[in-house]
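A.B. asks: Just passing along the structure, written as structure tokens.
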Amino acid sequence: MCLGIPGKVVETYREHDMLMGKVDFGGVFKRVCMEHVPDVRLGDYVVVHVGFALHSIDEAEAGRVFEFLKGMNQLDDLKVPSP
Amino acid sequence: MRESLETVENLYGSCPVPQSQYDRVLLGHGSGGQLTNDLIRRVFVPAFDNEVLSALEDQATVELAGRHNGMKGPRISFTTDSFVVRPIFFPGGDIGRLAVHGTVNDLAVGGARPLCLSAAFILEEGLPLADLKRIVASMRQACDEAEVTLVCGDTKVVDRGKGDQIFITTSGIGIMPDGLSLSIKFARPGDRVLVSGTMGDHGITIMSVREGIEFETQLESDSASLNTLTQAMLKACPTIRCMRDPTRGGLASVLNELATASDVGVEIDERAIPVRPEVRGACEMLGLDPLYVANEGKLIAVAPPEDADRLLAAMRSHPQGGAAAIIGTIVAQHQGMVILHSAIGGERVVTMLSGEQLPRIC
Amino acid sequence: MKYLDEYRDSEAAGKLTAAIAKTVTRPWTIMEVCGGQTHTIVKYGLDRVLPESLELVHGPGCPVCVTSLETIDKAHAIASRPNVIFCSFGDMLRVPGSRGDLLQLKSQGSDVRIVYSPLDAVNLAAANPNRQVVFFAIGFETTAPPNAMAVWQAKRRGLANFSLLVSHVLVPPAMTAILSAPGNRVQGFLGPGHVCTVMGCTEYEPIAKRFQVPVVITGFEPIDMLEGVLRCVQQLEQGKAEVENQYSRAVRQEGNLPAKKLLEEVFEVCDRKWRGVGSIPQSGYRLRPAFRDHDAERIFEVENVNTQESKVCISGQILQGLKKPHQCPAFGKECTPQSPLGATMVSAEGACAAYYAYGRHLAGNGAKPRTREAVLEHA
């Protein structure tokens, strides 16, 4: 379930007394409800599900798995199996 | 209506194409996927019952009887297409332009040189004349670009509420060069599969203005006449097996039709398929797959392996083929199936869609 | 696209699959809960790059698959009424009820519309004051805050013509039901990433403890899933049974507090019937009494619609990982993607639909479909 896609917040505004935002998904822009992420700032990335931002993406956490993978390089010689 | 369990055996029968249980026409029957195929095979082909129709190519090649001295007559290519797109004006085009391009392309991908078109209009009472004039002017421009003439037509008007503004049907005639024969049945193991450019532009543009899912984008429809491109391609590579334009149902549908008609397997590389970032973004957002999204100015081609690079170069040097790419190979295994190799090394089967591709939340 | 492309990197995927292969010393059975995660596995062929001894079982995390037949029939009944504009997410339109699906109903003249967001339905209600606008509010906890916001807004704006047909389902009770079923083979879970974006991770701790299964809350991209599998397998090999958060870029331990607060206000927990599985206690949401004026079930008096599931369909056992699709007598015969009998054939991610795609190539003489393995063995 739960198709949630990351997009960049490029605008925020209010409509019908709700916090809304314009989110950029690789060049297409969608108007999205921001009520569940009231602290969102311009330039933040958010996960969007059915026209609602559910969470902002934590940049530090996002990089974590790649740090882990870099660390793996140093541990031993992993032979990448052919698919 | 679901049929009772006693008759479900007949639903499947000996035909591997599962029969639909619907007893009314659905929107999905127009989607270009499995339901459309069902309708064609169950209703139209048996009724008209002739070899030319049953081949189900994008166009019909009919040989005209030779005049005298036993000379062979010319072969003409003949096709027809109906256009019901909504909205009738969209970024990058309109229903008129589509109507010209669609029929020209059906002729062109068969190898024919398109000559002339007919156009039949069904107009809804109340359609502003300004809109009609705009569409007609657009059609004229498209004809000029494709170097075809619109030589005959018809107009009918239906009551307000019975016609949804305007429907257009165009038919086209082209001349087949001597000795040229392309068919979706001709693909052979080892052949390469090429596309002429980015996939999904038209369908996503239409989605972007569709009520309920609209979004903002600079994207435009790729609607274009491909006959100069096909001529350039055939000149560079006379050994082309076949060409098709992946309109409704997208690349996936055409590749499945190819696999079935030629009784071969098709293998494609996800990373090789050109897709614009905006189309990707929209597909991600709506949960759509670009492989199933309509194109109106693109084609696929199948060519022998030794000629593929030369063909690619010819496509890339044409204005409409700048983003052309080799995306896959014909294989002898898994006949009738299209297998995609994913970016991370796994594989999946690319099936024919049943009906329309719908945005998903799941 | 940022935060997507890097999680689809083939080099990173290769490293993770190698690490998984190195870690696995014996067979394990892991269930991924979300339909979105199943979609990723099928789309990228992830199960093809994992060790053979690792079995991935597809869980009931697809709201399309698990919405009960009764609920579809209620939707049908409501959408058939004149003057109703029935709005739904696209996924639900092809799910068959007892009398066909919503697409067929549309072909018969009912006003059935696809919307991307529940707020689109609210705007339709505002624009059409003389019509009844009903929104089909299905989904897991992820979709619950958006649906809650829609009805909350409608109430605040005084849109009396807007109502929700609610059929929300909750993940933890479903996981508990699966783990409690006799014959359960699931030893570890990839937890539902976006559900936890809303709800946080704490609900899964009692489950991990009681059943001694590791639960790794996992995202949806290939790198997420491979990392989730790795961490799950590491726990299994070490005999651990903890809740871990792989999807930490979008999941906090406590979840999304504003969203949870809204859920509290709008919904209450209730028993819910899951298609193919049966009734699971306290596994759904319904509208609270304060929102009864916007409850479509009440307004259209469809509370007592009862239906019979297909006797032939074994999707319940498939959803729980107890049987495989080709073990079902109806598979590929009465039951195909074009004429699905049950949940798991309806959705493109459903196990049966996925198996059907792989074994689709029939010899035309009634021969059994080739298994996926046989079809792809050349690769």
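How things are named: the first chain in the structure tokens is A, the next is B, and so on; residues count from 1 in each chain; ligands count from 1 in the order shown.
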Select residues of chain B: the criterion is any atom within 12 Å of an atom of chain A, counting only C-alpha atoms; output as a PyMOL selection string.

C.D. replies: chain B and resi 204-205+207-209+212-220+275-288+341-347+359-362

A.B. asks: Emit the selected residues as a JSON list (two decimals), in the first residue's frame, including C-alpha atoms.

C.D. replies:
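The file below, out11.json, is the result:
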```json
[["chain", "number", "residue", "atom", "x", "y", "z"],
["B", 204, "ILE", "CA", 1.16, 12.12, -19.35],
["B", 205, "THR", "CA", 0.40, 15.46, -20.99],
["B", 207, "MET", "CA", -3.24, 13.24, -17.68],
["B", 208, "SER", "CA", -1.88, 16.58, -16.59],
["B", 209, "VAL", "CA", -5.04, 18.29, -17.77],
["B", 212, "GLY", "CA", -9.26, 14.75, -10.76],
["B", 213, "ILE", "CA", -5.56, 14.21, -11.34],
["B", 214, "GLU", "CA", -4.35, 17.38, -13.00],
["B", 215, "PHE", "CA", -0.90, 18.76, -12.25],
["B", 216, "GLU", "CA", 1.34, 21.55, -13.54],
["B", 217, "THR", "CA", 4.05, 20.85, -16.06],
["B", 218, "GLN", "CA", 5.86, 22.21, -19.12],
["B", 219, "LEU", "CA", 5.37, 18.87, -20.82],
["B", 220, "GLU", "CA", 3.72, 18.78, -24.23],
["B", 275, "VAL", "CA", 11.95, 8.75, -20.53],
["B", 276, "ARG", "CA", 11.80, 12.48, -19.80],
["B", 277, "PRO", "CA", 12.27, 13.49, -16.15],
["B", 278, "GLU", "CA", 8.80, 15.10, -16.07],
["B", 279, "VAL", "CA", 7.18, 11.93, -17.37],
["B", 280, "ARG", "CA", 9.09, 9.95, -14.76],
["B", 281, "GLY", "CA", 8.05, 12.36, -12.03],
["B", 282, "ALA", "CA", 4.39, 12.21, -12.99],
["B", 283, "CYS", "CA", 4.44, 8.42, -13.27],
["B", 284, "GLU", "CA", 6.08, 8.10, -9.85],
["B", 285, "MET", "CA", 3.54, 10.46, -8.33],
["B", 286, "LEU", "CA", 0.52, 8.68, -9.78],
["B", 287, "GLY", "CA", 1.88, 5.15, -9.60],
["B", 288, "LEU", "CA", 1.90, 4.68, -13.38],
["B", 341, "HIS", "CA", 15.75, -6.46, -17.14],
["B", 342, "SER", "CA", 15.54, -4.00, -14.29],
["B", 343, "ALA", "CA", 18.07, -1.38, -13.32],
["B", 344, "ILE", "CA", 19.29, -3.44, -10.41],
["B", 345, "GLY", "CA", 19.67, -6.69, -12.28],
["B", 346, "GLY", "CA", 16.44, -8.56, -11.63],
["B", 347, "GLU", "CA", 13.75, -9.29, -14.20],
["B", 359, "PRO", "CA", -3.48, 5.90, -10.97],
["B", 360, "ARG", "CA", -2.92, 3.89, -7.81],
["B", 361, "ILE", "CA", -2.39, 4.55, -4.11],
["B", 362, "CYS", "CA", -1.08, 1.10, -3.30]]
```

A.B. asks: Taking only C-alpha atoms into account, which residues of chain C are within 7 Å of chain B, as a PDB file with C-alpha atoms, in the first residue's frame?

C.D. replies:
```pdb
ATOM      1  CA  ARG C   8      17.749   2.395  -7.194  1.00  0.00           C
ATOM      2  CA  ASP C   9      21.496   2.304  -7.714  1.00  0.00           C
ATOM      3  CA  SER C  10      22.625  -1.018  -9.135  1.00  0.00           C
ATOM      4  CA  ALA C  13      22.079  -3.156  -4.783  1.00  0.00           C
ATOM      5  CA  GLY C  35       1.561  -4.022  -1.422  1.00  0.00           C
ATOM      6  CA  GLY C  36       3.952  -1.266  -2.415  1.00  0.00           C
ATOM      7  CA  VAL C  42       7.957  -7.712  -8.783  1.00  0.00           C
ATOM      8  CA  LYS C  43       9.031  -4.582 -10.665  1.00  0.00           C
ATOM      9  CA  TYR C  44      12.750  -5.054 -10.052  1.00  0.00           C
ATOM     10  CA  GLY C  45      12.758  -8.830  -9.886  1.00  0.00           C
ATOM     11  CA  LEU C  46      14.292  -8.655  -6.409  1.00  0.00           C
ATOM     12  CA  ARG C  48      15.485 -13.293  -8.479  1.00  0.00           C
ATOM     13  CA  VAL C  49      18.650 -11.758  -7.029  1.00  0.00           C
ATOM     14  CA  CYS C  62      -2.749  -4.138  -0.309  1.00  0.00           C
ATOM     15  CA  PHE C  89      -8.934   6.054  -5.878  1.00  0.00           C
ATOM     16  CA  GLY C  90      -8.140   4.401  -9.197  1.00  0.00           C
ATOM     17  CA  ASP C  91      -7.095   1.061  -7.667  1.00  0.00           C
ATOM     18  CA  ARG C  99     -22.530  -7.673  -8.904  1.00  0.00           C
ATOM     19  CA  GLY C 100     -19.459  -6.609 -10.836  1.00  0.00           C
ATOM     20  CA  GLN C 104     -19.017  -1.728 -14.994  1.00  0.00           C
ATOM     21  CA  SER C 107     -20.619   1.861 -18.027  1.00  0.00           C
ATOM     22  CA  ILE C 114     -11.405   8.746 -10.086  1.00  0.00           C
ATOM     23  CA  VAL C 115      -9.706  11.238  -7.807  1.00  0.00           C
ATOM     24  CA  TYR C 116      -6.068  11.511  -6.802  1.00  0.00           C
ATOM     25  CA  ASP C 120     -10.613  16.535  -4.638  1.00  0.00           C
ATOM     26  CA  LYS C 333      -9.042 -21.139 -15.310  1.00  0.00           C
ATOM     27  CA  GLU C 334     -12.093 -19.452 -13.754  1.00  0.00           C
ATOM     28  CA  GLN C 338      -9.500 -10.308 -16.523  1.00  0.00           C
ATOM     29  CA  SER C 339     -12.034 -12.235 -14.425  1.00  0.00           C
ATOM     30  CA  ALA C 357       2.004 -13.069 -15.458  1.00  0.00           C
ATOM     31  CA  TYR C 358       4.949 -15.425 -15.184  1.00  0.00           C
ATOM     32  CA  LEU C 362      -0.013 -21.711 -22.183  1.00  0.00           C
ATOM     33  CA  GLY C 364      -2.998 -23.813 -25.983  1.00  0.00           C
ATOM     34  CA  ASN C 365      -3.852 -27.452 -25.432  1.00  0.00           C
ATOM     35  CA  GLY C 366      -4.713 -27.113 -21.790  1.00  0.00           C
ATOM     36  CA  VAL C 375      10.254 -19.445 -17.938  1.00  0.00           C
TER      37      VAL C 375
END
```

A.B. asks: Near chain A, which residues of chain C fall within 7 Å when you count only C-alpha atoms, and what do they look like as a list in words?

C.D. replies: Met1, Tyr3, Gly14, Lys15, Ala18, Cys34, Gly35, Gly36, Val49, Gly61, Cys62, Pro63, Tyr116, Ser117, Thr142, Pro146, His194, Thr197, Ser248, Arg249, Ala250, Pro258 and Ala259 of chain C

A.B. asks: Got a sec to tell me which of segment 85-211 of chain B DSSP assigns to helix (DSSP H, G or I), as a PyMOL selection string?

C.D. replies: chain B and resi 95-108+129-146+201-208

A.B. asks: Could those selected residues go to a file with C-alpha atoms, as a compact mmCIF listing (two decimals), in the first residue's frame?

C.D. replies:
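Output file result.txt is given in full below:
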```txt
# COMPACT_ATOMS: atom_id res chain seq x y z
CA ILE B 95 -7.69 16.44 -31.70
CA GLY B 96 -7.29 17.58 -35.31
CA ARG B 97 -3.52 17.31 -35.34
CA LEU B 98 -3.73 13.91 -33.68
CA ALA B 99 -6.20 12.76 -36.32
CA VAL B 100 -3.82 13.60 -39.15
CA HIS B 101 -0.66 12.32 -37.45
CA GLY B 102 -2.26 9.09 -36.30
CA THR B 103 -3.37 8.00 -39.74
CA VAL B 104 -0.23 9.21 -41.51
CA ASN B 105 1.84 7.26 -38.99
CA ASP B 106 -0.17 4.06 -39.40
CA LEU B 107 0.64 4.22 -43.11
CA ALA B 108 4.25 5.27 -42.60
CA LEU B 129 -17.46 27.37 -34.69
CA ALA B 130 -14.28 29.07 -33.53
CA ASP B 131 -13.16 25.75 -32.00
CA LEU B 132 -13.99 23.87 -35.18
CA LYS B 133 -12.09 26.37 -37.29
CA ARG B 134 -9.10 26.13 -35.00
CA ILE B 135 -9.10 22.33 -35.26
CA VAL B 136 -9.46 22.38 -39.02
CA ALA B 137 -6.64 24.91 -39.41
CA SER B 138 -4.49 22.69 -37.24
CA MET B 139 -5.32 19.70 -39.44
CA ARG B 140 -4.35 21.65 -42.54
CA GLN B 141 -1.01 22.53 -41.00
CA ALA B 142 -0.41 18.91 -40.03
CA CYS B 143 -1.25 17.76 -43.56
CA ASP B 144 1.20 20.24 -45.04
CA GLU B 145 3.94 19.10 -42.68
CA ALA B 146 3.32 15.49 -43.66
CA ASP B 201 5.04 12.19 -23.30
CA HIS B 202 1.57 12.30 -24.86
CA GLY B 203 -0.31 10.24 -22.30
CA ILE B 204 1.16 12.12 -19.35
CA THR B 205 0.40 15.46 -20.99
CA ILE B 206 -3.24 14.41 -21.31
CA MET B 207 -3.24 13.24 -17.68
CA SER B 208 -1.88 16.58 -16.59
```

A.B. asks: Got a sec: who's within 10 Å of Gly321 of chain B, counting only C-alpha atoms, leaving out chain neighbours fewer than 2 positions off, as a list in words?

C.D. replies: Val195, Ser196, Gly197, Thr198, Leu226, Leu229, Met233, Gly297, Lys298, Leu299, Leu312, Ala313, Ala314, Met315, Arg316, Ser317, His318, Pro319, Ala323, Ala324 and Ala325 of chain B

A.B. asks: Write out as a VMD selection string all residues of segment 105-195 of chain C that DSSP puts in strand (DSSP E or B) for this structure's backbone.

C.D. replies: chain C and resid 111 to 114 132 to 139 162 to 169 188 to 192

A.B. asks: Produce a file of the selected residues containing C-alpha atoms, as a PDB file, in the first residue's frame.

C.D. replies:
```pdb
ATOM      1  CA  ASP C 111     -21.380   8.843 -11.947  1.00  0.00           C
ATOM      2  CA  VAL C 112     -18.194   7.167 -10.748  1.00  0.00           C
ATOM      3  CA  ARG C 113     -15.076   9.346 -10.740  1.00  0.00           C
ATOM      4  CA  ILE C 114     -11.405   8.746 -10.086  1.00  0.00           C
ATOM      5  CA  GLN C 132     -24.410  13.737  -2.881  1.00  0.00           C
ATOM      6  CA  VAL C 133     -20.656  13.246  -3.075  1.00  0.00           C
ATOM      7  CA  VAL C 134     -19.383  10.043  -1.513  1.00  0.00           C
ATOM      8  CA  PHE C 135     -15.699   9.233  -1.142  1.00  0.00           C
ATOM      9  CA  PHE C 136     -14.547   5.627  -0.875  1.00  0.00           C
ATOM     10  CA  ALA C 137     -12.184   5.860   2.077  1.00  0.00           C
ATOM     11  CA  ILE C 138     -10.086   2.718   1.946  1.00  0.00           C
ATOM     12  CA  GLY C 139      -6.498   2.143   2.875  1.00  0.00           C
ATOM     13  CA  PHE C 162     -20.146  15.074   1.487  1.00  0.00           C
ATOM     14  CA  SER C 163     -19.760  11.653   3.109  1.00  0.00           C
ATOM     15  CA  LEU C 164     -17.188   8.899   3.493  1.00  0.00           C
ATOM     16  CA  LEU C 165     -17.676   5.186   2.967  1.00  0.00           C
ATOM     17  CA  VAL C 166     -15.018   3.998   5.388  1.00  0.00           C
ATOM     18  CA  SER C 167     -13.169   0.731   5.158  1.00  0.00           C
ATOM     19  CA  HIS C 168      -9.823   1.333   6.778  1.00  0.00           C
ATOM     20  CA  VAL C 169      -7.696  -1.579   7.905  1.00  0.00           C
ATOM     21  CA  GLY C 188      10.425 -12.308  10.075  1.00  0.00           C
ATOM     22  CA  PHE C 189       8.775  -9.189   8.702  1.00  0.00           C
ATOM     23  CA  LEU C 190       9.621  -6.238   6.545  1.00  0.00           C
ATOM     24  CA  GLY C 191       7.374  -3.741   8.282  1.00  0.00           C
ATOM     25  CA  PRO C 192       5.170  -1.213   6.502  1.00  0.00           C
TER      26      PRO C 192
END
```
